[in-house]
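Okay, data_2.txt now, which holds compact mmCIF, C-alpha atoms:
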# COMPACT_ATOMS: atom_id res chain seq x y z
CA MET A 982 0.00 0.00 0.00
CA SER A 983 1.35 3.43 -0.95
CA THR A 984 1.69 6.32 1.46
CA THR A 985 -0.76 9.22 1.54
CA ARG A 986 1.59 11.54 3.47
CA ILE A 987 2.10 14.89 1.74
CA GLN A 988 5.83 14.92 2.59
CA GLY A 989 6.20 11.25 1.72
CA SER A 990 7.44 8.34 3.80
CA LEU A 991 10.79 6.71 4.52
CA PHE A 992 11.27 3.48 6.44
CA THR A 993 14.33 1.35 7.10
CA ASN A 994 14.30 -2.32 8.02
CA ILE A 995 17.49 -4.13 9.03
CA GLN A 996 17.71 -7.92 8.88
CA GLN A 997 20.75 -10.18 8.57
CA LYS A 998 23.03 -7.18 8.01
CA VAL A 999 20.91 -5.94 5.10
CA ALA A 1000 19.28 -2.51 5.51
CA THR A 1001 16.29 -1.92 3.25
CA ILE A 1002 15.34 1.72 2.77
CA GLU A 1003 11.85 2.15 1.30
CA PHE A 1004 10.64 5.60 0.25
CA GLY A 1005 7.27 6.65 -1.04
CA HIS A 1006 5.18 9.64 -2.04
CA PRO A 1007 1.58 9.84 -3.28
CA ALA A 1008 2.76 11.73 -6.41
CA SER A 1009 4.50 8.81 -8.15
CA ASN A 1010 7.20 8.53 -5.49
CA SER A 1011 8.52 12.00 -6.24
CA PHE A 1012 10.78 13.85 -3.79
CA PRO A 1013 9.95 17.02 -1.86
CA SER A 1014 12.85 18.64 -0.01
CA GLU A 1015 11.96 17.11 3.35
CA LEU A 1016 12.06 13.57 1.94
CA LEU A 1017 15.39 14.23 0.20
CA ALA A 1018 16.86 15.41 3.50
CA ARG A 1019 15.54 12.35 5.34
CA LEU A 1020 17.06 10.01 2.75
CA THR A 1021 20.41 11.80 2.94
CA ASN A 1022 20.45 11.53 6.75
CA GLU A 1023 19.47 7.87 6.66
CA LEU A 1024 22.22 6.97 4.20
CA ASN A 1025 24.79 8.83 6.31
CA SER A 1026 23.58 7.02 9.43
CA LEU A 1027 23.65 3.56 7.84
CA SER A 1028 27.13 4.23 6.48
CA LYS A 1029 28.38 4.31 10.10
CA ASN A 1030 26.28 1.36 11.31
CA ASN A 1031 28.50 -1.67 11.92
CA GLU A 1032 25.45 -3.92 11.96
CA VAL A 1033 24.80 -3.14 8.30
CA ALA A 1034 26.83 -4.61 5.43
CA VAL A 1035 24.59 -3.86 2.44
CA ILE A 1036 21.83 -1.35 1.66
CA ILE A 1037 18.82 -1.91 -0.60
CA LEU A 1038 17.11 1.22 -1.96
CA LYS A 1039 13.53 0.68 -3.08
CA SER A 1040 10.24 2.53 -3.42
CA GLU A 1041 6.59 1.81 -2.77
CA GLY A 1042 4.09 0.56 -5.30
CA GLU A 1043 4.49 -1.10 -8.67
CA LYS A 1044 4.27 1.37 -11.55
CA THR A 1045 6.87 4.02 -10.72
CA PHE A 1046 10.23 3.77 -8.98
CA CYS A 1047 10.63 7.54 -8.74
CA ALA A 1048 9.25 10.50 -10.71
CA GLY A 1049 12.08 12.82 -9.62
CA ALA A 1050 11.53 16.25 -8.12
CA SER A 1051 8.26 17.20 -6.46
CA PHE A 1052 6.28 19.08 -9.10
CA ASP A 1053 4.33 21.05 -6.51
CA GLU A 1054 7.54 22.20 -4.86
CA LEU A 1055 9.09 23.18 -8.20
CA ILE A 1056 6.10 25.41 -8.93
CA ALA A 1057 6.32 26.98 -5.47
CA ILE A 1058 9.97 28.10 -5.79
CA LYS A 1059 10.01 31.91 -5.50
CA ASN A 1060 13.68 32.92 -5.69
CA LEU A 1061 17.16 31.79 -6.66
CA GLU A 1062 18.11 30.70 -3.15
CA GLU A 1063 15.03 28.50 -2.83
CA GLY A 1064 15.82 26.98 -6.21
CA LYS A 1065 19.41 26.23 -5.29
CA GLN A 1066 18.35 24.82 -1.93
CA PHE A 1067 15.78 22.49 -3.51
CA PHE A 1068 18.11 21.04 -6.13
CA SER A 1069 20.87 20.75 -3.53
CA GLY A 1070 18.64 18.12 -1.99
CA PHE A 1071 19.32 15.80 -4.91
CA ALA A 1072 23.01 16.74 -4.81
CA ASN A 1073 23.17 15.78 -1.14
CA VAL A 1074 21.47 12.41 -1.71
CA ILE A 1075 23.78 11.46 -4.58
CA ASN A 1076 26.84 12.50 -2.59
CA ALA A 1077 25.59 10.50 0.39
CA MET A 1078 25.22 7.45 -1.85
CA ARG A 1079 28.68 8.07 -3.30
CA THR A 1080 30.43 8.38 0.07
CA CYS A 1081 28.38 5.73 1.87
CA GLY A 1082 30.62 2.99 3.21
CA LYS A 1083 28.16 0.29 2.14
CA ILE A 1084 27.34 -1.20 -1.23
CA ILE A 1085 23.92 0.07 -2.36
CA ILE A 1086 21.65 -2.17 -4.43
CA GLY A 1087 18.84 -0.42 -6.30
CA ARG A 1088 15.47 -2.15 -6.75
CA VAL A 1089 13.81 -0.44 -9.71
CA GLN A 1090 10.36 -1.99 -10.17
CA GLY A 1091 8.88 0.74 -12.37
CA LYS A 1092 9.54 3.92 -14.30
CA ALA A 1093 12.43 6.20 -13.34
CA VAL A 1094 12.22 9.82 -14.47
CA GLY A 1095 14.67 12.70 -13.98
CA GLY A 1096 15.98 12.60 -10.44
CA GLY A 1097 14.68 9.04 -10.13
CA LEU A 1098 17.05 8.01 -12.89
CA GLY A 1099 19.81 9.86 -11.05
CA LEU A 1100 19.13 7.80 -7.91
CA ALA A 1101 19.26 4.56 -9.89
CA ALA A 1102 22.54 5.60 -11.52
CA ALA A 1103 24.07 6.41 -8.12
CA CYS A 1104 23.42 2.88 -6.86
CA ASP A 1105 26.33 0.46 -7.05
CA TYR A 1106 24.25 -2.36 -8.55
CA VAL A 1107 20.70 -2.26 -9.87
CA LEU A 1108 18.09 -4.94 -10.45
CA ALA A 1109 14.97 -3.96 -12.40
CA THR A 1110 11.79 -5.27 -13.97
CA GLU A 1111 10.94 -4.91 -17.64
CA PHE A 1112 8.56 -2.12 -16.62
CA ALA A 1113 11.47 0.05 -15.44
CA SER A 1114 11.59 2.45 -18.39
CA ILE A 1115 13.65 5.61 -18.08
CA LYS A 1116 13.42 9.22 -19.28
CA LEU A 1117 15.14 12.56 -18.70
CA SER A 1118 12.38 15.10 -19.31
CA GLU A 1119 14.02 18.19 -17.78
CA PHE A 1120 14.36 20.09 -21.08
CA THR A 1121 10.56 20.03 -21.49
CA ILE A 1122 10.21 22.41 -18.53
CA GLY A 1123 13.22 24.59 -19.32
CA ILE A 1124 15.83 23.12 -16.98
CA GLY A 1125 18.38 20.33 -17.44
CA PRO A 1126 19.53 17.21 -15.57
CA PHE A 1127 22.64 19.04 -14.42
CA VAL A 1128 22.80 17.74 -10.83
CA ILE A 1129 22.28 14.09 -11.73
CA ALA A 1130 24.29 14.21 -14.99
CA PRO A 1131 27.62 13.17 -13.39
CA ALA A 1132 26.04 10.03 -11.91
CA ILE A 1133 24.43 9.08 -15.23
CA GLU A 1134 27.59 9.80 -17.21
CA ARG A 1135 29.69 7.74 -14.80
CA LYS A 1136 27.35 4.75 -15.10
CA MET A 1137 26.20 4.93 -18.72
CA GLY A 1138 28.62 7.21 -20.59
CA ILE A 1139 28.50 10.66 -22.15
CA ALA A 1140 26.81 9.48 -25.37
CA VAL A 1141 23.90 7.99 -23.44
CA LEU A 1142 23.61 11.09 -21.25
CA SER A 1143 23.44 13.19 -24.41
CA GLU A 1144 20.79 10.98 -26.01
CA LEU A 1145 18.59 10.89 -22.93
CA THR A 1146 18.88 14.62 -22.31
CA LEU A 1147 18.25 15.82 -25.85
CA ASP A 1148 15.47 13.31 -26.60
CA ALA A 1149 13.55 14.53 -23.59
CA THR A 1150 10.13 13.20 -24.54
CA SER A 1151 11.03 9.59 -25.34
CA TRP A 1152 11.00 6.62 -23.00
CA LYS A 1153 13.81 4.08 -23.18
CA ASN A 1154 12.84 0.59 -22.08
CA ALA A 1155 14.50 -1.46 -19.35
CA TYR A 1156 16.39 -3.69 -21.76
CA TRP A 1157 17.90 -0.62 -23.44
CA ALA A 1158 18.92 0.64 -20.00
CA LYS A 1159 20.53 -2.73 -19.21
CA GLU A 1160 22.43 -2.66 -22.50
CA LYS A 1161 23.74 0.82 -21.62
CA GLY A 1162 24.94 -0.25 -18.17
CA LEU A 1163 22.29 1.13 -15.82
CA TYR A 1164 20.72 -2.20 -14.86
CA ALA A 1165 22.67 -5.36 -14.10
CA GLN A 1166 19.66 -7.63 -14.59
CA VAL A 1167 16.07 -7.20 -15.82
CA PHE A 1168 13.25 -9.51 -14.74
CA GLU A 1169 9.77 -10.12 -16.13
CA THR A 1170 8.04 -9.80 -12.77
CA THR A 1171 8.56 -8.06 -9.44
CA LYS A 1172 8.39 -11.45 -7.72
CA GLU A 1173 11.37 -12.70 -9.72
CA LEU A 1174 13.20 -9.45 -9.02
CA ASP A 1175 12.66 -9.73 -5.27
CA ILE A 1176 13.84 -13.35 -5.13
CA GLU A 1177 17.11 -12.48 -6.84
CA LEU A 1178 17.44 -9.28 -4.81
CA GLU A 1179 17.28 -11.18 -1.52
CA LEU A 1180 19.78 -13.81 -2.69
CA LEU A 1181 22.22 -11.14 -3.87
CA ALA A 1182 21.93 -8.99 -0.75
CA LEU A 1183 22.48 -11.91 1.63
CA LYS A 1184 25.41 -13.14 -0.44
CA LEU A 1185 27.06 -9.72 -0.34
CA ALA A 1186 26.35 -9.40 3.39
CA SER A 1187 28.30 -12.62 3.98
CA TYR A 1188 31.49 -11.20 2.46
CA ASN A 1189 34.33 -9.48 4.28
CA PRO A 1190 32.98 -6.00 5.18
CA GLU A 1191 36.43 -4.47 4.77
CA ALA A 1192 36.66 -5.85 1.23
CA LEU A 1193 33.20 -4.47 0.42
CA ALA A 1194 34.08 -1.03 1.81
CA THR A 1195 37.36 -0.94 -0.10
CA MET A 1196 35.65 -1.94 -3.33
CA LYS A 1197 33.07 0.79 -2.78
CA LYS A 1198 35.87 3.38 -2.60
CA ILE A 1199 37.48 2.00 -5.76
CA LEU A 1200 34.19 2.09 -7.65
CA TRP A 1201 33.86 5.78 -6.85
CA GLU A 1202 37.46 6.88 -7.42
CA ASN A 1203 37.99 10.33 -8.93
CA THR A 1204 34.62 11.65 -7.77
CA GLN A 1205 35.79 13.54 -4.67
CA HIS A 1206 35.12 16.85 -6.43
CA TRP A 1207 31.41 16.02 -6.62
CA ASP A 1208 30.84 17.66 -3.21
CA ASP A 1209 31.41 21.02 -4.86
CA LEU A 1210 30.39 20.11 -8.42
CA LEU A 1211 26.85 18.96 -7.62
CA ILE A 1212 26.13 22.02 -5.49
CA GLN A 1213 27.36 24.23 -8.35
CA ARG A 1214 25.02 22.36 -10.66
CA ALA A 1215 22.17 22.88 -8.19
CA SER A 1216 22.82 26.61 -8.33
CA ILE A 1217 22.65 26.56 -12.14
CA THR A 1218 19.35 24.67 -12.06
CA GLY A 1219 18.03 27.03 -9.39
CA GLU A 1220 18.62 29.96 -11.71
CA LEU A 1221 16.94 28.25 -14.65
CA VAL A 1222 13.85 27.33 -12.65
CA MET A 1223 13.32 31.06 -12.11
CA SER A 1224 13.45 31.82 -15.84
CA GLU A 1225 10.36 33.04 -17.66
CA PHE A 1226 10.49 30.00 -19.94
CA THR A 1227 10.42 27.56 -17.04
CA LYS A 1228 7.76 29.44 -15.09
CA ASN A 1229 5.51 29.38 -18.18
CA ALA A 1230 6.23 25.72 -18.82
CA LEU A 1231 5.43 24.78 -15.24
CA ALA A 1232 2.24 26.83 -15.36
CA ASN A 1233 1.19 25.01 -18.54
CA PHE A 1234 1.86 21.63 -17.03
CA SER A 1235 0.00 22.47 -13.85
CA THR A 1236 -3.17 23.34 -15.78
CA LYS A 1237 -3.19 20.18 -17.89
Is it possible to express this structure as structure tokens?
Amino acid sequence: MSTTRIQGSLFTNIQQKVATIEFGHPASNSFPSELLARLTNELNSLSKNNEVAVIILKSEGEKTFCAGASFDELIAIKNLEEGKQFFSGFANVINAMRTCGKIIIGRVQGKAVGGGLGLAAACDYVLATEFASIKLSEFTIGIGPFVIAPAIERKMGIAVLSELTLDATSWKNAYWAKEKGLYAQVFETTKELDIELELLALKLASYNPEALATMKKILWENTQHWDDLLIQRASITGELVMSEFTKNALANFSTK
């Protein structure tokens, strides 16, 4: 059952050294600022928890993994500082995933749009269903995927980032995303996904935690500058969201 809370929900369950973070929001699992901050804090906390070896990141429901930024909050942004602060929320989450001392497995059961695709790309390993299509639609409202671009480029390459960004109205299916490196495996059903997810997580949790932590650092080598880079990108997006083009585009979308 999906949450009805306006600010969304975030729950963590720890069993057999596997921490499962489940987030949800009534608007297609999108992220308002408060939920982004809660996810960042939870990742930072689990990173220091010696009882946790592996993290699973998942969302509620079946159809959508994550629709990205909260549309209502985007429309409500009134100035540059608010814009920068909002998009810094995604920057903080991705940096928390990057610096987390635990391997993060993404469970993508449905569509991933914008920031949702960024979250998937920032996971260390991702399992998905064939319903997990992806899209970067930021250009359609006058902004760009600037904050999440480094994570997507790192995982899928600059050519794929370019294709997804410029073809902002087209969905790419899960098998395309697997071919481009985003997903490790794609399953026909959520049941099959969850069976493999549990097996993988428990297997990883049985390994030497020091080896896992060291591999995590190696996987994310040469990204230390992201602390500053992603905040700079948030500032750029914050300026664009205040542009006349974007305000008109958001107004048009909100009346449809």
Nearby residues (all atoms listed in the file) at most 10 Å from Leu1027 in chain A, same-chain spacing under 4 positions excluded, as number ranges by chain: A: 993, 995, 1000, 1002, 1022-1023, 1031-1036, 1081-1083
Spatial neighbours of range 1120-1133 of chain A, max dist 9 Å, only C-alpha atoms, sep filter under 4 positions, as number ranges by chain: A: 1068-1069, 1071-1072, 1075, 1095-1096, 1098-1103, 1137-1139, 1141-1142, 1146-1150, 1163, 1207, 1210-1215, 1217-1219, 1221-1222, 1224, 1226-1231, 1234
Output C-alpha atoms for every residue in that selection, as a JSON list (two decimals), in the frame of the given file.
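Saved to result-v1.json:
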[["chain", "number", "residue", "atom", "x", "y", "z"],
["A", 1068, "PHE", "CA", 18.11, 21.04, -6.13],
["A", 1069, "SER", "CA", 20.87, 20.75, -3.53],
["A", 1071, "PHE", "CA", 19.32, 15.80, -4.91],
["A", 1072, "ALA", "CA", 23.01, 16.74, -4.81],
["A", 1075, "ILE", "CA", 23.78, 11.46, -4.58],
["A", 1095, "GLY", "CA", 14.67, 12.70, -13.98],
["A", 1096, "GLY", "CA", 15.98, 12.60, -10.44],
["A", 1098, "LEU", "CA", 17.05, 8.01, -12.89],
["A", 1099, "GLY", "CA", 19.81, 9.86, -11.05],
["A", 1100, "LEU", "CA", 19.13, 7.80, -7.91],
["A", 1101, "ALA", "CA", 19.26, 4.56, -9.89],
["A", 1102, "ALA", "CA", 22.54, 5.60, -11.52],
["A", 1103, "ALA", "CA", 24.07, 6.41, -8.12],
["A", 1137, "MET", "CA", 26.20, 4.93, -18.72],
["A", 1138, "GLY", "CA", 28.62, 7.21, -20.59],
["A", 1139, "ILE", "CA", 28.50, 10.66, -22.15],
["A", 1141, "VAL", "CA", 23.90, 7.99, -23.44],
["A", 1142, "LEU", "CA", 23.61, 11.09, -21.25],
["A", 1146, "THR", "CA", 18.88, 14.62, -22.31],
["A", 1147, "LEU", "CA", 18.25, 15.82, -25.85],
["A", 1148, "ASP", "CA", 15.47, 13.31, -26.60],
["A", 1149, "ALA", "CA", 13.55, 14.53, -23.59],
["A", 1150, "THR", "CA", 10.13, 13.20, -24.54],
["A", 1163, "LEU", "CA", 22.29, 1.13, -15.82],
["A", 1207, "TRP", "CA", 31.41, 16.02, -6.62],
["A", 1210, "LEU", "CA", 30.39, 20.11, -8.42],
["A", 1211, "LEU", "CA", 26.85, 18.96, -7.62],
["A", 1212, "ILE", "CA", 26.13, 22.02, -5.49],
["A", 1213, "GLN", "CA", 27.36, 24.23, -8.35],
["A", 1214, "ARG", "CA", 25.02, 22.36, -10.66],
["A", 1215, "ALA", "CA", 22.17, 22.88, -8.19],
["A", 1217, "ILE", "CA", 22.65, 26.56, -12.14],
["A", 1218, "THR", "CA", 19.35, 24.67, -12.06],
["A", 1219, "GLY", "CA", 18.03, 27.03, -9.39],
["A", 1221, "LEU", "CA", 16.94, 28.25, -14.65],
["A", 1222, "VAL", "CA", 13.85, 27.33, -12.65],
["A", 1224, "SER", "CA", 13.45, 31.82, -15.84],
["A", 1226, "PHE", "CA", 10.49, 30.00, -19.94],
["A", 1227, "THR", "CA", 10.42, 27.56, -17.04],
["A", 1228, "LYS", "CA", 7.76, 29.44, -15.09],
["A", 1229, "ASN", "CA", 5.51, 29.38, -18.18],
["A", 1230, "ALA", "CA", 6.23, 25.72, -18.82],
["A", 1231, "LEU", "CA", 5.43, 24.78, -15.24],
["A", 1234, "PHE", "CA", 1.86, 21.63, -17.03]]
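Across the structure, CA of Asn1025 in chain A and CA of Phe1052 in chain A are spaced 26.2 Å apart.
Around Gly1005 in chain A, within 6 Å and counting all atoms listed in the file, the residues found are Gly989, Ser990, Asn1010, Ser1040 and Glu1041 of chain A, once anything fewer than 4 positions away on its own chain is removed.
Nearest residue to Asp1053 in chain A, choosing from A:Ile987, A:Val1089, A:Ala1186, A:Ala1155 and counting all atoms listed in the file: A:Ile987.
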Minimum-distance residue to Thr1045 in chain A, chosen among A:Leu1180, A:Trp1201, A:Ala1093, A:Ala1194 (using only C-alpha atoms): A:Ala1093
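Residues in contact range of range 1183-1185 of chain A, defined as at most 8 Å between only C-alpha atoms, with sequence neighbours fewer than 2 positions away removed, read Gln997, Lys998, Val999, Ala1034, Val1035, Glu1179, Leu1180, Leu1181, Ser1187 and Tyr1188 of chain A.
Taking CA of Gly1070 in chain A and CA of Glu1202 in chain A as the two end points, the separation is 22.6 Å.
The shortest atom-to-atom distance to Lys1159 in chain A, with only C-alpha atoms taken into account, belongs to A:Ile1115 out of A:Ile1058, A:Ile1115, A:Leu1145, A:Ala1182.
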